[in-house]
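Asker: Dropping in protein.txt, which is compact mmCIF, C-alpha atoms:
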```
# COMPACT_ATOMS: atom_id res chain seq x y z
CA MET A 1 70.74 205.90 37.54
CA ARG A 2 73.85 206.89 39.38
CA LEU A 3 77.11 205.30 38.25
CA VAL A 4 79.83 204.84 40.89
CA ARG A 5 83.35 204.75 39.45
CA GLN A 6 86.06 202.86 41.41
CA ALA A 7 89.49 204.54 41.42
CA ASP A 8 92.41 202.30 40.21
CA SER A 9 96.01 202.47 41.37
CA ALA A 10 97.07 204.80 38.61
CA SER A 11 94.53 207.45 39.49
CA SER A 12 93.99 207.06 43.25
CA GLY A 13 94.00 210.42 45.01
CA ALA A 14 94.54 212.31 41.75
CA ARG A 15 92.81 215.53 42.81
CA GLY A 16 96.13 217.34 42.84
CA THR A 17 98.75 217.63 40.15
CA ALA A 18 100.31 214.31 39.11
CA ARG A 19 103.99 213.91 40.00
CA PRO A 20 106.43 212.90 37.28
CA ALA A 21 108.16 209.50 37.66
CA PRO A 22 111.66 209.81 39.11
CA THR A 23 114.51 209.55 36.63
CA GLY A 24 118.19 208.66 37.06
CA PRO A 25 119.92 206.35 39.61
CA GLN A 26 118.12 205.78 42.91
CA PRO A 27 119.77 205.47 46.35
CA THR A 28 120.22 201.90 47.77
CA VAL A 29 117.90 201.12 50.67
CA ARG A 30 119.70 199.02 53.38
CA PRO A 31 117.69 196.95 55.91
CA SER A 32 118.13 197.75 59.55
CA ARG A 33 120.06 195.39 61.88
CA ALA A 34 116.82 194.39 63.56
CA ALA A 35 115.33 193.41 60.20
CA ALA A 36 118.43 191.35 59.34
CA ARG A 37 118.27 189.48 62.64
CA THR A 38 114.59 188.74 62.04
CA ALA A 39 115.34 187.31 58.59
CA LEU A 40 118.11 185.06 59.94
CA THR A 41 115.83 183.81 62.70
CA LEU A 42 113.14 182.96 60.17
CA LEU A 43 115.65 181.04 58.04
CA ALA A 44 116.84 179.00 61.05
CA VAL A 45 113.30 178.18 62.15
CA THR A 46 112.40 177.13 58.61
CA ALA A 47 115.45 174.83 58.36
CA LEU A 48 114.70 173.23 61.73
CA ALA A 49 111.05 172.67 60.83
CA THR A 50 112.10 171.04 57.54
CA ALA A 51 114.55 168.71 59.30
CA CYS A 52 111.98 167.69 61.92
CA SER A 53 109.29 167.02 59.34
CA ALA A 54 111.57 164.87 57.13
CA PRO A 55 110.73 161.16 57.30
CA ALA A 56 113.03 159.07 59.53
CA PRO A 57 115.29 156.59 57.69
CA LYS A 58 113.75 153.14 57.53
CA ASP A 59 115.20 149.59 57.71
CA ILE A 60 118.43 150.63 59.40
CA LYS A 61 119.67 147.33 60.84
CA PRO A 62 122.72 146.52 62.94
CA ALA A 63 125.61 144.72 61.28
CA ALA A 64 125.48 140.93 61.05
CA GLY A 65 128.11 140.58 63.75
CA GLN A 66 126.09 142.75 66.14
CA GLN A 67 122.95 140.71 65.43
CA ALA A 68 124.78 137.44 66.11
CA ALA A 69 126.23 138.78 69.37
CA ALA A 70 122.83 140.03 70.51
CA LYS A 71 121.23 136.68 69.67
CA LEU A 72 123.96 134.82 71.57
CA ARG A 73 123.45 137.01 74.66
CA GLN A 74 119.71 136.41 74.49
CA GLU A 75 120.22 132.63 74.24
CA GLN A 76 122.66 132.67 77.15
CA ARG A 77 120.20 134.57 79.33
CA ALA A 78 117.39 132.16 78.40
CA HIS A 79 119.59 129.14 79.15
CA ALA A 80 120.68 130.54 82.52
CA ALA A 81 117.03 131.14 83.40
CA ALA A 82 116.15 127.55 82.40
CA VAL A 83 118.99 126.15 84.54
CA LYS A 84 117.59 128.04 87.54
CA ARG A 85 113.97 127.20 86.75
CA TRP A 86 114.65 123.45 86.57
CA GLY A 87 116.65 123.39 89.80
CA LEU A 88 120.09 122.46 88.43
CA SER A 89 123.10 123.17 90.62
CA LYS A 90 125.29 123.79 87.53
CA ALA A 91 124.68 124.60 83.89
CA PRO A 92 125.17 121.53 81.64
CA LEU A 93 128.35 121.59 79.60
CA LEU A 94 128.15 122.22 75.87
CA ALA A 95 128.95 119.24 73.62
CA PRO A 96 131.55 119.70 70.87
CA PRO A 97 130.44 119.85 67.24
CA ALA A 98 129.44 116.55 65.65
CA PRO A 99 132.46 114.77 64.16
CA ALA A 100 132.95 115.37 60.44
CA LYS A 101 133.99 111.74 60.07
CA LYS A 102 131.84 109.23 61.91
CA PRO A 103 133.71 106.68 64.05
CA HIS A 104 133.74 103.06 62.90
CA ILE A 105 131.40 100.97 65.05
CA ASP A 106 132.13 97.29 65.76
CA THR A 107 130.32 94.83 67.99
CA ARG A 108 131.71 94.90 71.52
CA ASP A 109 133.84 91.89 72.46
CA GLY A 110 131.71 89.27 74.13
CA PHE A 111 128.49 90.60 72.59
CA GLU A 112 128.78 88.73 69.28
CA VAL A 113 126.42 86.02 68.07
CA ASP A 114 127.79 82.86 66.40
CA ASP A 115 127.65 84.22 62.86
CA HIS A 116 127.73 87.96 63.37
CA GLU A 117 129.40 89.01 60.12
CA GLY A 118 127.12 91.29 58.12
CA LEU A 119 124.65 91.73 60.99
CA PRO A 120 123.97 94.99 62.88
CA PRO A 121 126.74 95.76 65.40
CA VAL A 122 125.89 95.59 69.11
CA PHE A 123 127.77 98.11 71.28
CA THR A 124 127.62 99.98 74.58
CA THR A 125 130.08 102.83 73.90
CA ILE A 126 130.90 105.00 70.91
CA PRO A 127 134.63 105.11 70.12
CA THR A 128 135.48 108.79 70.63
CA LYS A 129 137.94 110.95 72.55
CA ASP A 130 135.24 113.58 73.07
CA LYS A 131 134.23 113.81 76.71
CA VAL A 132 130.58 113.13 75.95
CA VAL A 133 127.89 110.61 76.90
CA PHE A 134 124.62 109.76 75.15
CA LEU A 135 121.24 109.62 76.90
CA THR A 136 118.77 107.03 75.60
CA ILE A 137 115.27 106.46 77.00
CA ASP A 138 113.22 103.30 76.49
CA ASP A 139 109.64 102.09 76.02
CA GLY A 140 107.24 105.06 76.39
CA ALA A 141 105.19 104.27 79.52
CA GLU A 142 105.35 107.75 81.12
CA LYS A 143 104.24 110.76 79.10
CA ASP A 144 105.21 113.70 81.26
CA PRO A 145 104.77 117.14 79.60
CA ALA A 146 107.20 118.66 82.10
CA PHE A 147 109.92 116.34 80.80
CA LEU A 148 109.42 117.61 77.24
CA ARG A 149 109.62 121.24 78.40
CA MET A 150 112.69 120.62 80.52
CA MET A 151 114.68 118.90 77.78
CA SER A 152 113.68 121.52 75.21
CA GLU A 153 114.48 124.52 77.42
CA LEU A 154 117.81 123.06 78.56
CA LYS A 155 118.58 121.86 75.00
CA ILE A 156 119.55 118.35 76.17
CA PRO A 157 119.68 115.80 73.30
CA TYR A 158 118.44 112.26 73.79
CA THR A 159 117.32 109.25 71.75
CA ALA A 160 114.06 107.36 72.29
CA PHE A 161 113.46 103.61 71.75
CA LEU A 162 109.70 103.00 71.65
CA SER A 163 107.37 100.02 72.08
CA ASP A 164 103.96 100.36 70.46
CA TYR A 165 101.91 98.74 73.23
CA LEU A 166 102.81 101.77 75.40
CA VAL A 167 103.21 104.49 72.78
CA LYS A 168 99.77 103.93 71.25
CA GLU A 169 98.15 105.41 74.37
CA ASP A 170 99.30 108.84 73.12
CA TYR A 171 101.07 108.96 69.76
CA GLY A 172 100.83 112.76 69.89
CA TYR A 173 103.15 113.01 72.88
CA PHE A 174 105.98 111.44 70.91
CA LYS A 175 105.12 113.55 67.87
CA LYS A 176 105.93 116.61 70.01
CA MET A 177 109.16 114.91 71.00
CA GLN A 178 110.04 114.30 67.36
CA ALA A 179 109.23 117.93 66.49
CA ALA A 180 111.83 118.98 69.08
CA GLY A 181 114.50 117.02 67.17
CA VAL A 182 114.43 113.69 69.04
CA SER A 183 115.06 110.52 67.01
CA LEU A 184 112.35 107.86 67.53
CA ASN A 185 113.65 104.30 67.23
CA ASN A 186 112.57 100.66 67.48
CA HIS A 187 112.03 98.77 70.76
CA THR A 188 109.55 96.22 69.27
CA LEU A 189 105.76 96.12 69.30
CA HIS A 190 105.19 94.34 72.63
CA HIS A 191 108.53 94.34 74.50
CA ARG A 192 108.90 90.57 74.63
CA PHE A 193 111.93 88.43 75.48
CA MET A 194 113.24 88.06 71.94
CA PRO A 195 115.41 84.90 72.24
CA GLY A 196 112.30 83.03 73.38
CA LEU A 197 110.55 83.74 70.07
CA SER A 198 110.98 82.13 66.66
CA TYR A 199 112.68 84.02 63.85
CA ALA A 200 109.30 84.77 62.25
CA ALA A 201 107.82 86.06 65.52
CA GLN A 202 110.87 88.26 66.14
CA LYS A 203 110.60 89.65 62.64
CA ARG A 204 106.93 90.51 63.23
CA GLU A 205 107.86 92.33 66.43
CA ILE A 206 110.62 94.36 64.80
CA CYS A 207 109.18 94.98 61.33
CA GLY A 208 105.78 95.69 62.85
CA MET A 209 107.28 98.47 64.96
CA GLN A 210 109.08 99.80 61.89
CA ASP A 211 105.68 100.07 60.19
CA VAL A 212 104.13 101.87 63.19
CA ILE A 213 106.90 104.45 63.40
CA GLU A 214 106.81 105.07 59.65
CA LYS A 215 103.01 105.48 59.67
CA ARG A 216 102.88 107.72 62.73
CA TYR A 217 106.12 109.65 62.40
CA GLY A 218 107.03 109.47 58.72
CA LYS A 219 110.34 107.62 58.83
CA ARG A 220 111.55 104.06 59.33
CA PRO A 221 114.29 104.03 61.97
CA THR A 222 117.71 102.43 61.53
CA LEU A 223 118.38 101.86 65.26
CA PHE A 224 116.96 98.98 67.30
CA ARG A 225 117.31 98.09 70.96
CA PRO A 226 116.18 94.59 71.98
CA PRO A 227 113.95 94.50 75.07
CA PHE A 228 115.94 93.88 78.29
CA GLY A 229 119.09 93.94 76.13
CA ASN A 230 118.51 90.26 75.20
CA TYR A 231 119.00 88.96 71.67
CA ASN A 232 120.27 86.03 69.62
CA GLU A 233 121.32 85.55 66.03
CA ASP A 234 117.70 85.39 64.85
CA THR A 235 117.06 88.77 66.52
CA LEU A 236 119.85 90.45 64.57
CA ARG A 237 118.95 88.66 61.34
CA ALA A 238 115.35 89.81 61.68
CA ALA A 239 116.47 93.34 62.55
CA LYS A 240 118.64 93.50 59.44
CA ALA A 241 115.75 92.23 57.29
CA CYS A 242 113.60 95.07 58.68
CA GLY A 243 116.15 97.77 57.75
CA ILE A 244 118.03 98.10 61.04
CA LYS A 245 121.68 99.19 60.80
CA ALA A 246 122.80 99.13 64.45
CA ALA A 247 121.72 97.82 67.87
CA PRO A 248 123.05 100.13 70.61
CA LEU A 249 122.81 98.85 74.19
CA TRP A 250 124.15 100.81 77.20
CA ASN A 251 127.02 101.07 79.65
CA GLU A 252 125.18 102.80 82.52
CA GLU A 253 121.57 103.13 83.64
CA VAL A 254 120.21 106.13 85.55
CA PHE A 255 117.17 106.16 87.84
CA VAL A 256 115.66 108.84 90.06
CA ASP A 257 117.63 107.63 93.09
CA ARG A 258 120.72 105.86 91.74
CA TRP A 259 123.05 104.89 88.90
CA GLU A 260 123.90 101.35 87.81
CA TYR A 261 127.10 100.48 85.93
CA ARG A 262 128.19 97.74 83.57
CA GLU A 263 131.92 98.27 84.20
CA TRP A 264 133.73 97.10 87.34
CA ASP A 265 135.08 100.55 88.24
CA ARG A 266 131.60 102.15 88.26
CA ASP A 267 132.70 105.18 86.29
CA LEU A 268 131.89 107.01 83.05
CA ARG A 269 133.98 106.75 79.90
CA PRO A 270 134.01 109.01 76.83
CA GLY A 271 131.30 107.85 74.45
CA ASP A 272 129.28 105.84 76.99
CA ILE A 273 125.62 105.20 76.21
CA VAL A 274 123.36 105.78 79.22
CA LEU A 275 119.96 104.11 79.55
CA SER A 276 116.88 105.38 81.33
CA HIS A 277 113.13 104.74 80.97
CA PHE A 278 109.93 106.71 80.54
CA ARG A 279 108.79 106.33 84.15
CA GLY A 280 107.06 108.45 86.79
CA LYS A 281 105.91 108.29 90.39
CA GLU A 282 103.98 105.05 89.82
CA ASP A 283 107.32 103.27 89.37
CA TRP A 284 109.93 105.65 90.82
CA GLU A 285 110.30 107.78 93.91
CA GLY A 286 110.12 110.83 91.69
CA THR A 287 109.50 112.15 88.19
CA MET A 288 111.36 112.14 84.89
CA PRO A 289 112.66 115.68 85.54
CA ASP A 290 114.03 114.33 88.85
CA MET A 291 115.86 111.62 86.90
CA VAL A 292 117.26 114.20 84.48
CA ARG A 293 118.56 116.31 87.37
CA ARG A 294 120.40 113.30 88.81
CA PHE A 295 121.79 112.42 85.38
CA LEU A 296 122.99 115.96 84.62
CA LYS A 297 124.52 116.50 88.06
CA LEU A 298 126.80 113.49 87.84
CA ILE A 299 127.98 113.96 84.27
CA THR A 300 128.51 117.72 84.72
CA ASP A 301 130.46 117.19 87.94
CA LYS A 302 132.70 114.76 86.04
CA GLY A 303 133.22 117.19 83.16
CA TYR A 304 131.04 115.44 80.57
CA ALA A 305 128.53 116.91 78.12
CA VAL A 306 125.49 115.23 76.54
CA ALA A 307 125.83 114.65 72.80
CA ARG A 308 123.35 113.38 70.22
CA LEU A 309 123.87 109.68 69.52
CA GLU A 310 122.88 109.92 65.86
CA ASP A 311 125.62 112.51 65.24
CA TYR A 312 128.22 109.80 65.89
CA LEU A 313 126.61 106.99 63.89
```
Would you mind writing the file out in structure tokens?
Answerer:
Amino acid sequence: MRLVRQADSASSGARGTARPAPTGPQPTVRPSRAAARTALTLLAVTALATACSAPAPKDIKPAAGQQAAAKLRQEQRAHAAAVKRWGLSKAPLLAPPAPAKKPHIDTRDGFEVDDHEGLPPVFTTIPTKDKVVFLTIDDGAEKDPAFLRMMSELKIPYTAFLSDYLVKEDYGYFKKMQAAGVSLNNHTLHHRFMPGLSYAAQKREICGMQDVIEKRYGKRPTLFRPPFGNYNEDTLRAAKACGIKAAPLWNEEVFVDRWEYREWDRDLRPGDIVLSHFRGKEDWEGTMPDMVRRFLKLITDKGYAVARLEDYL
């Protein structure tokens, strides 16, 4: 058998005489300029590749002030778009902050019953110097989805006074209203002429509506508006027994095509309560959004904003 021997590094090409290892100091070998430039280029490319492959910083957020300013700009753009979309000639004015100290509410002169002491006050205006009015809407006959969208997109506050014989057709509609921040209050079960009823019958009308609102919407209201604005001492006694704290009426009423005024000068005053109704084309020459446009045009032209009634009570 033939054995083939592989040459290693120590003996490769050793046919001639082996050369002795060099002794003593050796000369320094310097790289050429071309080699140096190549090395520098490689270093730069390596550094760039490392920087590009490094993960980007995460969770870098703008400062709180920048976030607030951006949010404000976004809200302003959305509000301007809503003003245009709902056909308003001017943007509604912004109401001032709610008062830290609530104004003291008394019954308006001439609206008292014989023994009014200790009974819920009856009033048409909130005592305030703020140039604001309060929109209140009664009964619940019309259930217009466009109205809910309009008020939500324009951020217009209002207060509802509901009667069960109309609301029960669609409790869910008013649940959406409540979810948007609207206060749901008492306008009796059947919208009857209260002074024509006995004390017991009036109490059933008022307390019964308290029960409905608590069952359907989770909270017993403290505000009550008598149907047609008519009441007597029994009405207010029954209201108090049912947990009512105040009975706001109104100083103006707005319709699709007109305004009506309680005061002789036919003008708004700071703190006035304005009445309207849940009505549509079956009763008006227009829709609830049409009514809102008329309402907002007049108060804006006169320099008033819409405030939330409950913020002042």
Asker: Please, what distance in Å, to one decimal, runs between atom CA of A:Lys281 and atom CA of A:Ala180?
Answerer: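 If I compute the distance from atom CA of A:Lys281 to atom CA of A:Ala180, I get 24.6 Å.
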Asker: Could you jot down the atom CA of A:Ala98 to atom CA of A:Glu310 separation for me, Å, one decimal place?
Answerer: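 Separating atom CA of A:Ala98 from atom CA of A:Glu310 is a distance of 9.3 Å.
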Asker: Can you list, as an NGL selection string, every protein, DNA or RNA residue that comes within 9 Å of stretch 243-245 of chain A when you count all atoms listed in the file, leaving out same-chain residues fewer than 5 positions away?
Answerer: :A and (119-121 or 186 or 207 or 210 or 220-224 or 236 or 238)
Asker: Report as number ranges by chain all protein, DNA and RNA residues lying within 12 Å of A:Met194, evaluated on only C-alpha atoms, omitting residues in the same chain fewer than 6 positions from it.
Answerer: A: 187-188, 200-206, 225-236, 238-239
Asker: Fewer than 5 positions away in the same chain doesn't count, so skip those; otherwise give me all residues within 7 Å of A:Ser276, counting all atoms listed in the file, as number ranges by chain.
Answerer: A: 136-138, 253-255
Asker: Which is closest to A:Glu169 among A:His190, A:Ala141, A:Glu260, A:Phe147, if we use all atoms listed in the file?
Answerer: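 Smallest distance to A:Glu169 is found for A:Ala141.
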Asker: Once you count all atoms listed in the file, which residues end up no further than 9 Å from (111.4, 109.0, 82.2) in the file's frame, shown as a short mmCIF file (atom, residue, chain, number, x, y, z; two decimals) with C-alpha atoms, in the coordinates of the input?
Answerer:
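The file below, out_30.cif, is the result:
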```cif
data_model
loop_
_atom_site.label_atom_id
_atom_site.label_comp_id
_atom_site.auth_asym_id
_atom_site.auth_seq_id
_atom_site.Cartn_x
_atom_site.Cartn_y
_atom_site.Cartn_z
CA ILE A 137 115.27 106.46 77.00
CA ASP A 138 113.22 103.30 76.49
CA GLY A 140 107.24 105.06 76.39
CA ALA A 141 105.19 104.27 79.52
CA GLU A 142 105.35 107.75 81.12
CA LYS A 143 104.24 110.76 79.10
CA ASP A 144 105.21 113.70 81.26
CA PHE A 147 109.92 116.34 80.80
CA PHE A 255 117.17 106.16 87.84
CA VAL A 256 115.66 108.84 90.06
CA SER A 276 116.88 105.38 81.33
CA HIS A 277 113.13 104.74 80.97
CA PHE A 278 109.93 106.71 80.54
CA ARG A 279 108.79 106.33 84.15
CA GLY A 280 107.06 108.45 86.79
CA THR A 287 109.50 112.15 88.19
CA MET A 288 111.36 112.14 84.89
CA PRO A 289 112.66 115.68 85.54
CA ASP A 290 114.03 114.33 88.85
CA MET A 291 115.86 111.62 86.90
CA VAL A 292 117.26 114.20 84.48
#
```
Asker: Using all atoms listed in the file, which of the listed residues (A:Lys71, A:Lys302, A:Arg294, A:Arg269) sits closest to A:Asp257?
Answerer: A:Arg294
Asker: How many Å separate atom CA of A:His79 from atom CA of A:Glu153?
Answerer: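 These two atoms are separated by 7.1 Å.
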Asker: Skipping near chain neighbours, those fewer than 4 positions away, what residues fall within 8 Å of A:Val167 using all atoms listed in the file, listed as a list in words?
Answerer: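 Here the answer would be Asp139, Gly140, Ala141, Leu162, Ser163, Tyr171 and Phe174 of chain A.
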Asker: For the residues in that selection, give me C-alpha atoms as a JSON list (two decimals), in the coordinates of the input.
Answerer:
```
[["chain", "number", "residue", "atom", "x", "y", "z"],
["A", 139, "ASP", "CA", 109.64, 102.09, 76.02],
["A", 140, "GLY", "CA", 107.24, 105.06, 76.39],
["A", 141, "ALA", "CA", 105.19, 104.27, 79.52],
["A", 162, "LEU", "CA", 109.70, 103.00, 71.65],
["A", 163, "SER", "CA", 107.37, 100.02, 72.08],
["A", 171, "TYR", "CA", 101.07, 108.96, 69.76],
["A", 174, "PHE", "CA", 105.98, 111.44, 70.91]]
```
Asker: Need to verify the contact set: A:Leu88, 9 Å, all atoms listed in the file, exclusion of same-chain residues closer than 6 positions in sequence. Can you return it as number ranges by chain?
Answerer: A: 82, 293, 296-297
Asker: Return the single residue from A:Gln76, A:Thr300, A:Ser152, A:Gln178 that is closest to A:Ser89, with distances computed using all atoms listed in the file.
Answerer: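 Closest to A:Ser89 of all the choices is A:Thr300.
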Asker: For each of A:Asp170, A:Asp272, A:Glu252, A:Asp164, take the minimum atom-to-atom distance to A:Met209, counting all atoms listed in the file, then give the residue where this is smallest.
Answerer: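 So, comparing all the options, the nearest one is A:Asp164.
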